[in-house]
Amino acid sequence: MPLISAARLLCVRHRLREIGTRERLIALSHLSDMLTVAQSALLLAAFERLQQRLLDQQRYNKSHGQAADGWVDLRRLREDERLLLKFDLQQIRAFVQRVRTA
C-alpha cells in the first residue's frame, strides 16, 4: 500500500523509530515541514477506513465462498462510500507525491 511505504520511507529519512503506520503518521506530524497535524489526521482516518473496507470485503468474500484478497468491490459501495473512498485516495496520492519530491 503506497501510504504505508511512504510513511515508512519518510520515517527512515528522518531517523524516526516508530514502527506502525499510525505511529509513523503521528510522529511525522511533529516535524513541522513534513506533515501537519491536520494532514496526519486525514491520512490516519483514510488508513483506518481503507483497512475497514478491506476487512469488510474479505468477510463478504469468505461468506460467499470466494478468496479473501486485497480488492474492494466498488459495486457494493453506496455513493457516499465511493465519494469518501475517492477523497481518501486523493489524500494518499498527494502525500505520496510529497514524499517522492522531498
# chains A, B, ... in the order shown; residues from 1 in each chain; ligands from 1

$ residues_around --residues "Leu25 (chain A)" --least-positions-apart "4" --cutoff "7 Å" --atoms "only C-alpha atoms" --output "PyMOL selection string"
chain A and resi 7+21+29+40

$ closest_residue --among "A:Gln57, A:Arg17, A:Arg82, A:Leu43" --to "Pro2 (chain A)" --atoms "only C-alpha atoms"
A:Leu43

$ residues_around --residues "Leu9 (chain A)" --least-positions-apart "5" --cutoff "12 Å" --atoms "only C-alpha atoms" --output "list in words"
Pro2, Leu3, Ile4, His14, Arg15, Leu16, Arg17, Glu18, Ile19, Thr21, Arg24, Leu25, Leu28, Phe95, Val96, Arg98, Val99, Arg100 and Ala102 of chain A

$ write_last_selection --atoms "N, CA and C atoms" --output "PDB file, in the first residue's frame"
ATOM      1  N   PRO A   2       0.674   2.149  -0.920  1.00  0.00           N
ATOM      2  CA  PRO A   2       1.542   3.323  -1.039  1.00  0.00           C
ATOM      3  C   PRO A   2       1.624   4.177   0.232  1.00  0.00           C
ATOM      4  N   LEU A   3       0.545   4.280   0.980  1.00  0.00           N
ATOM      5  CA  LEU A   3       0.562   5.083   2.206  1.00  0.00           C
ATOM      6  C   LEU A   3       1.546   4.494   3.216  1.00  0.00           C
ATOM      7  N   ILE A   4       1.514   3.206   3.380  1.00  0.00           N
ATOM      8  CA  ILE A   4       2.412   2.534   4.324  1.00  0.00           C
ATOM      9  C   ILE A   4       3.861   2.735   3.904  1.00  0.00           C
ATOM     10  N   HIS A  14      14.040  10.581   8.192  1.00  0.00           N
ATOM     11  CA  HIS A  14      14.139  11.471   9.346  1.00  0.00           C
ATOM     12  C   HIS A  14      14.581  10.751  10.615  1.00  0.00           C
ATOM     13  N   ARG A  15      15.026   9.521  10.442  1.00  0.00           N
ATOM     14  CA  ARG A  15      15.557   8.715  11.540  1.00  0.00           C
ATOM     15  C   ARG A  15      14.589   8.572  12.706  1.00  0.00           C
ATOM     16  N   LEU A  16      13.329   8.409  12.369  1.00  0.00           N
ATOM     17  CA  LEU A  16      12.314   8.154  13.377  1.00  0.00           C
ATOM     18  C   LEU A  16      12.221   6.649  13.593  1.00  0.00           C
ATOM     19  N   ARG A  17      11.973   6.239  14.799  1.00  0.00           N
ATOM     20  CA  ARG A  17      11.997   4.814  15.131  1.00  0.00           C
ATOM     21  C   ARG A  17      10.619   4.168  15.216  1.00  0.00           C
ATOM     22  N   GLU A  18       9.583   4.924  14.940  1.00  0.00           N
ATOM     23  CA  GLU A  18       8.231   4.358  15.022  1.00  0.00           C
ATOM     24  C   GLU A  18       8.070   3.209  14.040  1.00  0.00           C
ATOM     25  N   ILE A  19       7.245   2.249  14.423  1.00  0.00           N
ATOM     26  CA  ILE A  19       7.115   1.038  13.621  1.00  0.00           C
ATOM     27  C   ILE A  19       5.790   0.976  12.881  1.00  0.00           C
ATOM     28  N   THR A  21       2.204   2.110  11.069  1.00  0.00           N
ATOM     29  CA  THR A  21       1.824   3.226  10.200  1.00  0.00           C
ATOM     30  C   THR A  21       1.151   4.341  10.985  1.00  0.00           C
ATOM     31  N   ARG A  24       3.767   6.165  12.884  1.00  0.00           N
ATOM     32  CA  ARG A  24       4.627   6.919  11.969  1.00  0.00           C
ATOM     33  C   ARG A  24       3.956   8.208  11.515  1.00  0.00           C
ATOM     34  N   LEU A  25       2.682   8.149  11.166  1.00  0.00           N
ATOM     35  CA  LEU A  25       1.981   9.355  10.728  1.00  0.00           C
ATOM     36  C   LEU A  25       1.893  10.385  11.848  1.00  0.00           C
ATOM     37  N   LEU A  28       5.400  11.888  12.287  1.00  0.00           N
ATOM     38  CA  LEU A  28       5.713  12.804  11.184  1.00  0.00           C
ATOM     39  C   LEU A  28       4.998  14.135  11.338  1.00  0.00           C
ATOM     40  N   PHE A  95      -0.014  12.807  -0.558  1.00  0.00           N
ATOM     41  CA  PHE A  95       1.051  12.534   0.403  1.00  0.00           C
ATOM     42  C   PHE A  95       2.207  11.786  -0.251  1.00  0.00           C
ATOM     43  N   VAL A  96       1.880  10.780  -1.024  1.00  0.00           N
ATOM     44  CA  VAL A  96       2.928  10.004  -1.712  1.00  0.00           C
ATOM     45  C   VAL A  96       3.721  10.908  -2.652  1.00  0.00           C
ATOM     46  N   ARG A  98       4.236  14.141  -2.275  1.00  0.00           N
ATOM     47  CA  ARG A  98       5.104  14.990  -1.433  1.00  0.00           C
ATOM     48  C   ARG A  98       6.325  14.220  -0.985  1.00  0.00           C
ATOM     49  N   VAL A  99       6.156  12.957  -0.654  1.00  0.00           N
ATOM     50  CA  VAL A  99       7.280  12.141  -0.208  1.00  0.00           C
ATOM     51  C   VAL A  99       8.262  11.940  -1.356  1.00  0.00           C
ATOM     52  N   ARG A 100       7.740  11.708  -2.550  1.00  0.00           N
ATOM     53  CA  ARG A 100       8.615  11.499  -3.710  1.00  0.00           C
ATOM     54  C   ARG A 100       9.464  12.721  -4.034  1.00  0.00           C
ATOM     55  N   ALA A 102      10.274  15.101  -1.848  1.00  0.00           N
ATOM     56  CA  ALA A 102      11.007  15.619  -0.666  1.00  0.00           C
ATOM     57  C   ALA A 102      12.461  15.183  -0.696  1.00  0.00           C
TER      58      ALA A 102
END

$ closest_residue --among "A:Arg8, A:Ala41, A:Gln91, A:Met1" --to "Leu54 (chain A)" --atoms "only C-alpha atoms"
A:Met1

$ select_by_dssp --residues "chain A" --states "alpha helix (DSSP H)" --output "number ranges by chain"
A: 2-13, 21-29, 37-63, 79-101

$ write_last_selection --atoms "C-alpha atoms" --output "mmCIF file, in the first residue's frame"
data_model
loop_
_atom_site.group_PDB
_atom_site.id
_atom_site.type_symbol
_atom_site.label_atom_id
_atom_site.label_comp_id
_atom_site.auth_asym_id
_atom_site.auth_seq_id
_atom_site.Cartn_x
_atom_site.Cartn_y
_atom_site.Cartn_z
ATOM 1 C CA PRO A 2 1.542 3.323 -1.039
ATOM 2 C CA LEU A 3 0.562 5.083 2.206
ATOM 3 C CA ILE A 4 2.412 2.534 4.324
ATOM 4 C CA SER A 5 5.506 2.694 2.124
ATOM 5 C CA ALA A 6 5.554 6.496 2.012
ATOM 6 C CA ALA A 7 5.214 6.799 5.797
ATOM 7 C CA ARG A 8 7.962 4.207 6.273
ATOM 8 C CA LEU A 9 10.301 5.972 3.846
ATOM 9 C CA LEU A 10 9.789 9.376 5.459
ATOM 10 C CA CYS A 11 10.474 7.937 8.894
ATOM 11 C CA VAL A 12 13.677 6.337 7.655
ATOM 12 C CA ARG A 13 14.763 9.640 6.082
ATOM 13 C CA THR A 21 1.824 3.226 10.200
ATOM 14 C CA ARG A 22 -0.398 5.032 12.702
ATOM 15 C CA GLU A 23 2.546 5.815 14.940
ATOM 16 C CA ARG A 24 4.627 6.919 11.969
ATOM 17 C CA LEU A 25 1.981 9.355 10.728
ATOM 18 C CA ILE A 26 1.639 10.839 14.200
ATOM 19 C CA ALA A 27 5.414 11.170 14.589
ATOM 20 C CA LEU A 28 5.713 12.804 11.184
ATOM 21 C CA SER A 29 3.113 15.385 12.175
ATOM 22 C CA VAL A 37 -1.436 17.638 12.386
ATOM 23 C CA ALA A 38 -4.485 18.122 10.145
ATOM 24 C CA GLN A 39 -2.872 16.210 7.258
ATOM 25 C CA SER A 40 -1.850 13.461 9.655
ATOM 26 C CA ALA A 41 -5.426 13.200 10.947
ATOM 27 C CA LEU A 42 -6.783 12.960 7.386
ATOM 28 C CA LEU A 43 -4.301 10.236 6.482
ATOM 29 C CA LEU A 44 -4.956 8.317 9.688
ATOM 30 C CA ALA A 45 -8.697 8.392 9.052
ATOM 31 C CA ALA A 46 -8.168 7.316 5.439
ATOM 32 C CA PHE A 47 -5.876 4.483 6.535
ATOM 33 C CA GLU A 48 -8.410 3.225 9.074
ATOM 34 C CA ARG A 49 -11.311 3.428 6.614
ATOM 35 C CA LEU A 50 -9.328 1.551 3.956
ATOM 36 C CA GLN A 51 -8.419 -1.162 6.417
ATOM 37 C CA GLN A 52 -12.073 -1.483 7.437
ATOM 38 C CA ARG A 53 -13.248 -1.602 3.815
ATOM 39 C CA LEU A 54 -10.750 -4.346 3.020
ATOM 40 C CA LEU A 55 -11.768 -6.339 6.071
ATOM 41 C CA ASP A 56 -15.466 -5.957 5.234
ATOM 42 C CA GLN A 57 -14.820 -7.083 1.664
ATOM 43 C CA GLN A 58 -12.755 -10.052 2.824
ATOM 44 C CA ARG A 59 -15.524 -11.139 5.207
ATOM 45 C CA TYR A 60 -18.044 -10.821 2.392
ATOM 46 C CA ASN A 61 -15.847 -12.833 0.030
ATOM 47 C CA LYS A 62 -15.296 -15.589 2.567
ATOM 48 C CA SER A 63 -19.017 -15.817 3.363
ATOM 49 C CA GLU A 79 -22.472 6.510 -3.492
ATOM 50 C CA ASP A 80 -21.332 8.295 -0.319
ATOM 51 C CA GLU A 81 -18.877 5.480 0.418
ATOM 52 C CA ARG A 82 -17.452 5.746 -3.095
ATOM 53 C CA LEU A 83 -17.030 9.502 -2.733
ATOM 54 C CA LEU A 84 -15.279 9.118 0.609
ATOM 55 C CA LEU A 85 -13.028 6.407 -0.830
ATOM 56 C CA LYS A 86 -12.139 8.720 -3.718
ATOM 57 C CA PHE A 87 -11.332 11.535 -1.267
ATOM 58 C CA ASP A 88 -9.177 9.196 0.847
ATOM 59 C CA LEU A 89 -7.253 8.002 -2.189
ATOM 60 C CA GLN A 90 -6.673 11.608 -3.280
ATOM 61 C CA GLN A 91 -5.212 12.424 0.143
ATOM 62 C CA ILE A 92 -2.945 9.401 -0.032
ATOM 63 C CA ARG A 93 -1.851 10.231 -3.586
ATOM 64 C CA ALA A 94 -0.967 13.806 -2.566
ATOM 65 C CA PHE A 95 1.051 12.534 0.403
ATOM 66 C CA VAL A 96 2.928 10.004 -1.712
ATOM 67 C CA GLN A 97 3.756 12.749 -4.247
ATOM 68 C CA ARG A 98 5.104 14.990 -1.433
ATOM 69 C CA VAL A 99 7.280 12.141 -0.208
ATOM 70 C CA ARG A 100 8.615 11.499 -3.710
ATOM 71 C CA THR A 101 9.617 15.116 -4.185
#

$ atom_distance --atom1 "CA of Leu74 (chain A)" --atom2 "CA of Gly20 (chain A)"
27.6 Å
